[in-house]
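Asks: Have a look at this one before I ask anything.
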2 protein chains.
Amino acid sequence: MRPPAIPPKCGQCVLYTDSRMFCAQLADDEQVELSGQSRTLSMKRGDTLGDSAISCWPIVAVDSGVLSLQHLLQDGRKTITTLFMKGDIIDLRDLSNRNRGALIALGNVKICRLSPKIFEQVVANNPKAQKIVWHNLRDQAFRAIDHSADIAKKQALEKVASFVIECHHRQDTEPKNSHLVKIPLRRIDLAEYLGMQPETVSRCFKTLQKRGILEAKSLNLLHIIDDLRLQRIANGEKEPEIPKSPNAQVLKSA
Amino acid sequence: MRPPAIPPKCGQCVLYTDSRMFCAQLADDEQVELSGQSRTLSMKRGDTLGDSAISCWPIVAVDSGVLSLQHLLQDGRKTITTLFMKGDIIDLRDLSNRNRGALIALGNVKICRLSPKIFEQVVANNPKAQKIVWHNLRDQAFRAIDHSADIAKKQALEKVASFVIECHHRQDTEPKNSHLVKIPLRRIDLAEYLGMQPETVSRCFKTLQKRGILEAKSLNLLHIIDDLRLQRIANGEKEPEIPKSPNAQVLKSA
DNA sequence: CGGCAAGTTGAGCCAGGTCAACTCCGGTGG
DNA sequence: CCACCGGAGTTGACCTGGCTCAACTTGCCG
């Protein structure tokens, strides 16, 4: 089909096979050149790209899995600030002055580290590729903005509800109408991402189940039973509280 | 100097006069064309660009002042998610599926709404301009990420300290060595940005003053006395607590 | 089957939210 | 020039959501 040999390592990568993604928009010669100067890498849970790795290879494209960006404060508190998933292109060039953080895999992750030089060159010359990469970056920015809004003003239950919805939204390949959501992180990581404690996360999932909004197929696989109420909660509408003891009625009028 | 008449409205705008910014990198004919298709606008506190304004003019460049992006939840809770300041270029194209928010001025703000068509054209053809706008977007993304980290894990005092430092950092023109910081928002807006209550913000500033770290020249003008300790607090190091009553010593060993 | 990490449950406590009262300040009009 | 007003900011007292700590259960891997 495509005359110049496409490097075998690219043949399976979503960035190449999915037409909405970056590499799929490259001309053959661009693809060959970029590929030749790039390095794929498989990571497993806990594998880290630290400062040194990042300054060598500051541009990372995610093929599959969930990669997190983590910050650390002096006293050991850790936060997961962003989740990168397939198709995201992470540009960490010249972050010198910022106290960034490390890229840490939350499961099995496949990435491709792109040569900054070729990347830049391609972006400058290929408008279609440029558009995709621009769109992706904008997406990252707005996700971060949304996330900070969630974290700032929502309470625990609302955050968890929002997260479930976002997961459903960003869901891998599945058609959207499926009511199944896979949570692609451990509870602990989720807690760090949402800025809360694992205990609290656990309690929130419990509450959503008790109210008949979610059903747990397994720890990380949920069935959304009542989409509407889930969205209401995520948006901060208070549900009429279910009184804790069934006979302790709340009487409005005396 | 520049032969084709530069539109007078651009002559005073930082985007044009500061060589590190977008319009300064345009060729004369690009500048004339972009300018011709763009609209400047002066806003005062509370002025809002809502959904309709944004969908007409989705690209906004900030000349001066502080512009905020605000989210709203059902029950009226409001959050300021991002602060845009001079030089920022905000690209709000096709946000259809997101429950974005409005751009609201927090003081006097001058903006320029750019024609998406010409903007895109310029970005595609002018690599220098492209680089600037790319860098700016990346900056916005990382600011959002940092902000969400701050909000997620820091406690009130730490957030305020971080904010003061960030202000100092992004400070208008001042040389960095000046120890004066201007807070360019009202307390209420600051509270909304940091995800806390105005009362709490007030108490935090008070604490920083009592500890001799800041001194208030006026409400919005601060003198940083102890830069180091301010940074320590912002990074989550606990200060040895000053016991409230001076004779109630904390004894480690019995 | 044993060992360890992840997840859950319960009890108690505190940072910060909430509410109400008060002060401060800039603008307005008599 | 002063009295008045309204919104912003501050202060104090109280209350609660979610953090903490500790004990327990579950699930996974060798």
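Identifiers for the structure tokens are assigned positionally: chains receive A, B, ... in sequence, residues are indexed from 1 per chain, and ligands are indexed from 1 in the order shown.
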Hey, what's within 12 Å of stretch 7-18 of chain D if we count only C-alpha atoms (C1' of nucleotides) and toss same-chain stuff fewer than 6 positions away? As an NGL selection string, please?

Replies: (:A and (154-157 or 195-201 or 203-204)) or (:B and (186-189 or 198-206 or 219-220)) or (:C and (13-27))

Asks: Considering only C-alpha atoms (C1' of nucleotides), return as number ranges by chain whatever protein or nucleic-acid residues lie within 9 Å of B:Ile165, sequence-local ones (same chain, fewer than 6 positions apart) excluded.

Replies: B: 181, 227, 230-231, 234

Asks: For all heavy atoms, I'd like the residues from the last selection saved as an mmCIF file, in the first residue's frame.

Replies:
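Contents of out30.cif, as written:
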```
data_model
loop_
_atom_site.group_PDB
_atom_site.id
_atom_site.type_symbol
_atom_site.label_atom_id
_atom_site.label_comp_id
_atom_site.auth_asym_id
_atom_site.auth_seq_id
_atom_site.Cartn_x
_atom_site.Cartn_y
_atom_site.Cartn_z
ATOM 1 N N VAL B 181 4.618 43.100 45.837
ATOM 2 C CA VAL B 181 3.714 42.332 44.993
ATOM 3 C C VAL B 181 2.377 43.020 44.950
ATOM 4 O O VAL B 181 1.833 43.375 45.996
ATOM 5 C CB VAL B 181 3.451 40.922 45.539
ATOM 6 C CG1 VAL B 181 2.813 40.068 44.472
ATOM 7 C CG2 VAL B 181 4.697 40.298 46.059
ATOM 8 N N ASP B 227 11.212 36.077 52.033
ATOM 9 C CA ASP B 227 10.948 35.316 50.819
ATOM 10 C C ASP B 227 11.103 33.816 51.064
ATOM 11 O O ASP B 227 10.284 33.005 50.641
ATOM 12 C CB ASP B 227 11.953 35.762 49.751
ATOM 13 C CG ASP B 227 11.432 35.469 48.353
ATOM 14 O OD1 ASP B 227 10.328 34.932 48.248
ATOM 15 O OD2 ASP B 227 12.146 35.792 47.393
ATOM 16 N N LEU B 230 8.392 32.222 53.051
ATOM 17 C CA LEU B 230 7.183 32.200 52.223
ATOM 18 C C LEU B 230 7.212 31.001 51.283
ATOM 19 O O LEU B 230 6.241 30.254 51.159
ATOM 20 C CB LEU B 230 7.087 33.490 51.410
ATOM 21 C CG LEU B 230 5.785 33.686 50.618
ATOM 22 C CD1 LEU B 230 4.587 33.799 51.550
ATOM 23 C CD2 LEU B 230 5.863 34.917 49.731
ATOM 24 N N GLN B 231 8.357 30.792 50.674
ATOM 25 C CA GLN B 231 8.485 29.660 49.770
ATOM 26 C C GLN B 231 8.372 28.325 50.501
ATOM 27 O O GLN B 231 7.772 27.386 50.001
ATOM 28 C CB GLN B 231 9.819 29.723 49.023
ATOM 29 C CG GLN B 231 9.652 30.332 47.656
ATOM 30 C CD GLN B 231 10.978 30.675 47.024
ATOM 31 O OE1 GLN B 231 11.956 30.937 47.714
ATOM 32 N NE2 GLN B 231 11.004 30.692 45.710
ATOM 33 N N ALA B 234 4.796 27.708 51.105
ATOM 34 C CA ALA B 234 4.118 27.364 49.852
ATOM 35 C C ALA B 234 4.402 25.915 49.449
ATOM 36 O O ALA B 234 3.574 25.260 48.839
ATOM 37 C CB ALA B 234 4.547 28.309 48.735
#
```

Asks: Mind listing the strand (DSSP E or B) residues of stretch 160-234 of chain B, per DSSP on the backbone, as a JSON list (two decimals) with all heavy atoms, in the first residue's frame?

Replies:
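Writing done, so here's states_13.json:
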```
[["chain", "number", "residue", "atom", "x", "y", "z"],
["B", 180, "LEU", "N", 8.00, 43.98, 46.23],
["B", 180, "LEU", "CA", 6.60, 44.37, 46.29],
["B", 180, "LEU", "C", 5.78, 43.50, 45.36],
["B", 180, "LEU", "O", 6.19, 43.19, 44.24],
["B", 180, "LEU", "CB", 6.45, 45.84, 45.87],
["B", 180, "LEU", "CG", 6.97, 46.86, 46.88],
["B", 180, "LEU", "CD1", 6.84, 48.26, 46.33],
["B", 180, "LEU", "CD2", 6.20, 46.72, 48.20],
["B", 181, "VAL", "N", 4.62, 43.10, 45.84],
["B", 181, "VAL", "CA", 3.71, 42.33, 44.99],
["B", 181, "VAL", "C", 2.38, 43.02, 44.95],
["B", 181, "VAL", "O", 1.83, 43.38, 46.00],
["B", 181, "VAL", "CB", 3.45, 40.92, 45.54],
["B", 181, "VAL", "CG1", 2.81, 40.07, 44.47],
["B", 181, "VAL", "CG2", 4.70, 40.30, 46.06],
["B", 182, "LYS", "N", 1.86, 43.17, 43.77],
["B", 182, "LYS", "CA", 0.51, 43.70, 43.64],
["B", 182, "LYS", "C", -0.43, 42.52, 43.42],
["B", 182, "LYS", "O", -0.20, 41.69, 42.55],
["B", 182, "LYS", "CB", 0.44, 44.65, 42.45],
["B", 182, "LYS", "CG", -0.94, 45.18, 42.19],
["B", 182, "LYS", "CD", -0.90, 46.51, 41.46],
["B", 182, "LYS", "CE", -2.31, 47.03, 41.21],
["B", 182, "LYS", "NZ", -3.07, 46.22, 40.23],
["B", 214, "LEU", "N", 4.96, 38.74, 55.56],
["B", 214, "LEU", "CA", 4.46, 39.78, 54.67],
["B", 214, "LEU", "C", 4.16, 41.04, 55.46],
["B", 214, "LEU", "O", 3.93, 40.99, 56.66],
["B", 214, "LEU", "CB", 3.15, 39.33, 54.00],
["B", 214, "LEU", "CG", 3.18, 38.18, 53.02],
["B", 214, "LEU", "CD1", 1.77, 37.93, 52.50],
["B", 214, "LEU", "CD2", 4.13, 38.47, 51.89],
["B", 215, "GLU", "N", 4.14, 42.15, 54.72],
["B", 215, "GLU", "CA", 3.67, 43.39, 55.32],
["B", 215, "GLU", "C", 2.71, 44.01, 54.31],
["B", 215, "GLU", "O", 3.01, 44.02, 53.11],
["B", 215, "GLU", "CB", 4.86, 44.32, 55.56],
["B", 215, "GLU", "CG", 4.55, 45.52, 56.42],
["B", 215, "GLU", "CD", 5.80, 46.42, 56.48],
["B", 215, "GLU", "OE1", 6.89, 45.95, 56.12],
["B", 215, "GLU", "OE2", 5.64, 47.58, 56.87],
["B", 216, "ALA", "N", 1.59, 44.51, 54.78],
["B", 216, "ALA", "CA", 0.61, 45.07, 53.86],
["B", 216, "ALA", "C", 0.83, 46.56, 53.71],
["B", 216, "ALA", "O", 0.71, 47.31, 54.67],
["B", 216, "ALA", "CB", -0.80, 44.79, 54.38],
["B", 217, "LYS", "N", 1.17, 46.97, 52.49],
["B", 217, "LYS", "CA", 1.26, 48.40, 52.21],
["B", 217, "LYS", "C", -0.15, 48.97, 52.08],
["B", 217, "LYS", "O", -0.46, 50.05, 52.55],
["B", 217, "LYS", "CB", 2.02, 48.65, 50.92],
["B", 217, "LYS", "CG", 3.47, 48.21, 50.96],
["B", 217, "LYS", "CD", 4.25, 49.02, 52.00],
["B", 217, "LYS", "CE", 5.71, 48.57, 51.98],
["B", 217, "LYS", "NZ", 6.44, 49.09, 53.16],
["B", 218, "SER", "N", -0.96, 48.25, 51.39],
["B", 218, "SER", "CA", -2.39, 48.56, 51.32],
["B", 218, "SER", "C", -3.06, 47.23, 51.05],
["B", 218, "SER", "O", -2.40, 46.19, 51.04],
["B", 218, "SER", "CB", -2.67, 49.56, 50.21],
["B", 218, "SER", "OG", -2.62, 48.89, 48.96],
["B", 221, "LEU", "N", -1.44, 45.68, 47.96],
["B", 221, "LEU", "CA", -0.01, 45.83, 47.73],
["B", 221, "LEU", "C", 0.74, 45.27, 48.93],
["B", 221, "LEU", "O", 0.59, 45.74, 50.05],
["B", 221, "LEU", "CB", 0.33, 47.31, 47.53],
["B", 221, "LEU", "CG", 1.73, 47.54, 46.97],
["B", 221, "LEU", "CD1", 1.86, 46.91, 45.60],
["B", 221, "LEU", "CD2", 2.03, 49.02, 46.91],
["B", 222, "LEU", "N", 1.54, 44.26, 48.67],
["B", 222, "LEU", "CA", 2.22, 43.58, 49.77],
["B", 222, "LEU", "C", 3.72, 43.73, 49.63],
["B", 222, "LEU", "O", 4.27, 43.82, 48.54],
["B", 222, "LEU", "CB", 1.88, 42.09, 49.74],
["B", 222, "LEU", "CG", 0.41, 41.73, 49.86],
["B", 222, "LEU", "CD1", 0.23, 40.23, 49.68],
["B", 222, "LEU", "CD2", -0.12, 42.18, 51.20],
["B", 223, "HIS", "N", 4.37, 43.73, 50.77],
["B", 223, "HIS", "CA", 5.82, 43.73, 50.80],
["B", 223, "HIS", "C", 6.26, 42.36, 51.33],
["B", 223, "HIS", "O", 5.88, 41.97, 52.43],
["B", 223, "HIS", "CB", 6.32, 44.85, 51.71],
["B", 223, "HIS", "CG", 7.81, 44.95, 51.76],
["B", 223, "HIS", "ND1", 8.48, 45.53, 52.81],
["B", 223, "HIS", "CD2", 8.74, 44.53, 50.88],
["B", 223, "HIS", "CE1", 9.78, 45.45, 52.57],
["B", 223, "HIS", "NE2", 9.97, 44.86, 51.42],
["B", 224, "ILE", "N", 7.05, 41.66, 50.54],
["B", 224, "ILE", "CA", 7.53, 40.36, 50.99],
["B", 224, "ILE", "C", 8.76, 40.56, 51.86],
["B", 224, "ILE", "O", 9.80, 41.03, 51.37],
["B", 224, "ILE", "CB", 7.89, 39.46, 49.80],
["B", 224, "ILE", "CG1", 6.68, 39.24, 48.92],
["B", 224, "ILE", "CG2", 8.42, 38.12, 50.29],
["B", 224, "ILE", "CD1", 6.94, 38.37, 47.72]]
```

Asks: Just how far from atom CA of B:Ala105 is atom CA of B:Gly65, in Å to one decimal?

Replies: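 So the two atoms, atom CA of B:Gly65 and atom CA of B:Ala105, lie 8.0 Å apart.
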
Asks: Find the residues around stretch 106-115 of chain B up to 7 Å (only C-alpha atoms (C1' of nucleotides) counted), leave out those fewer than 5 positions away in its own chain, and share them as an NGL selection string.

Replies: :B and (34 or 37-46 or 57 or 59-68 or 185)

Asks: Residues of chain C within 9 Å of chain A, counting only C-alpha atoms (C1' of nucleotides), what are they? List them as number ranges by chain.

Replies: C: 6-9

Asks: Per DSSP on the backbone, what are the helix (DSSP H, G or I) residues of stretch 128-217 of chain A, as an MDAnalysis selection string?

Replies: chainID A and resid 128:153 156:170 187:194 198:210

Asks: So which residues touch stretch 127-133 of chain B within 8 Å, counting only C-alpha atoms (C1' of nucleotides), skipping near sequence neighbours fewer than 5 positions away, as number ranges by chain?

Replies: A: 124; B: 20-23, 25-26, 89, 122

Asks: If you keep all heavy atoms, can you produce a file of those selected residues as a short mmCIF file (atom, residue, chain, number, x, y, z; two decimals), in the first residue's frame?

Replies:
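Dumped to result_27.cif:
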```
data_model
loop_
_atom_site.label_atom_id
_atom_site.label_comp_id
_atom_site.auth_asym_id
_atom_site.auth_seq_id
_atom_site.Cartn_x
_atom_site.Cartn_y
_atom_site.Cartn_z
N ALA A 124 5.81 22.22 11.86
CA ALA A 124 5.93 23.46 11.11
C ALA A 124 5.48 23.29 9.66
O ALA A 124 4.94 24.22 9.06
CB ALA A 124 7.36 23.97 11.16
N ARG B 20 8.46 39.63 22.48
CA ARG B 20 8.28 38.22 22.78
C ARG B 20 6.87 37.76 22.47
O ARG B 20 6.50 36.62 22.73
CB ARG B 20 8.58 37.95 24.26
CG ARG B 20 10.03 38.16 24.63
CD ARG B 20 10.16 38.33 26.13
NE ARG B 20 9.22 39.37 26.59
CZ ARG B 20 9.04 39.69 27.86
NH1 ARG B 20 9.70 39.05 28.80
NH2 ARG B 20 8.19 40.64 28.20
N MET B 21 6.05 38.68 21.98
CA MET B 21 4.64 38.30 21.83
C MET B 21 4.20 38.14 20.40
O MET B 21 4.92 38.47 19.46
CB MET B 21 3.78 39.32 22.57
CG MET B 21 4.05 39.19 24.06
SD MET B 21 2.91 40.09 25.07
CE MET B 21 3.61 39.69 26.68
N PHE B 22 2.99 37.67 20.28
CA PHE B 22 2.50 37.16 19.01
C PHE B 22 2.59 38.15 17.85
O PHE B 22 3.29 37.91 16.87
CB PHE B 22 1.06 36.68 19.19
CG PHE B 22 0.48 36.03 17.98
CD1 PHE B 22 0.95 34.80 17.55
CD2 PHE B 22 -0.52 36.65 17.26
CE1 PHE B 22 0.42 34.19 16.43
CE2 PHE B 22 -1.06 36.04 16.13
CZ PHE B 22 -0.59 34.82 15.72
N CYS B 23 1.89 39.28 18.00
CA CYS B 23 1.79 40.18 16.85
C CYS B 23 3.14 40.76 16.45
O CYS B 23 3.35 41.13 15.30
CB CYS B 23 0.80 41.30 17.16
SG CYS B 23 -0.87 40.68 17.45
N GLN B 25 5.69 39.31 15.97
CA GLN B 25 6.41 38.41 15.07
C GLN B 25 5.82 38.38 13.66
O GLN B 25 6.32 37.68 12.79
CB GLN B 25 6.41 36.99 15.64
CG GLN B 25 7.15 36.85 16.94
CD GLN B 25 8.60 37.29 16.81
OE1 GLN B 25 9.21 37.12 15.76
NE2 GLN B 25 9.15 37.88 17.87
N LEU B 26 4.74 39.11 13.48
CA LEU B 26 4.09 39.03 12.18
C LEU B 26 4.79 39.92 11.16
O LEU B 26 5.34 40.96 11.49
CB LEU B 26 2.63 39.48 12.31
CG LEU B 26 1.79 38.70 13.33
CD1 LEU B 26 0.33 39.14 13.24
CD2 LEU B 26 1.92 37.21 13.14
N ILE B 89 -3.17 34.18 24.81
CA ILE B 89 -4.08 34.03 23.69
C ILE B 89 -4.99 32.86 23.98
O ILE B 89 -4.53 31.73 24.20
CB ILE B 89 -3.30 33.81 22.38
CG1 ILE B 89 -2.51 35.07 22.07
CG2 ILE B 89 -4.25 33.46 21.24
CD1 ILE B 89 -1.69 35.02 20.81
N VAL B 122 -2.16 32.58 9.73
CA VAL B 122 -0.86 33.09 10.17
C VAL B 122 -0.08 32.00 10.89
O VAL B 122 1.11 31.79 10.63
CB VAL B 122 -1.04 34.31 11.10
CG1 VAL B 122 0.27 34.65 11.78
CG2 VAL B 122 -1.58 35.50 10.33
#
```

Asks: Taking only C-alpha atoms into account and nothing else, which residues of chain B lie no more than 7 Å away from chain A? Please answer as a PyMOL selection string.

Replies: chain B and resi 73-75+79+81+124+127+140-141+144-145+147-149+151-153+195+235-237
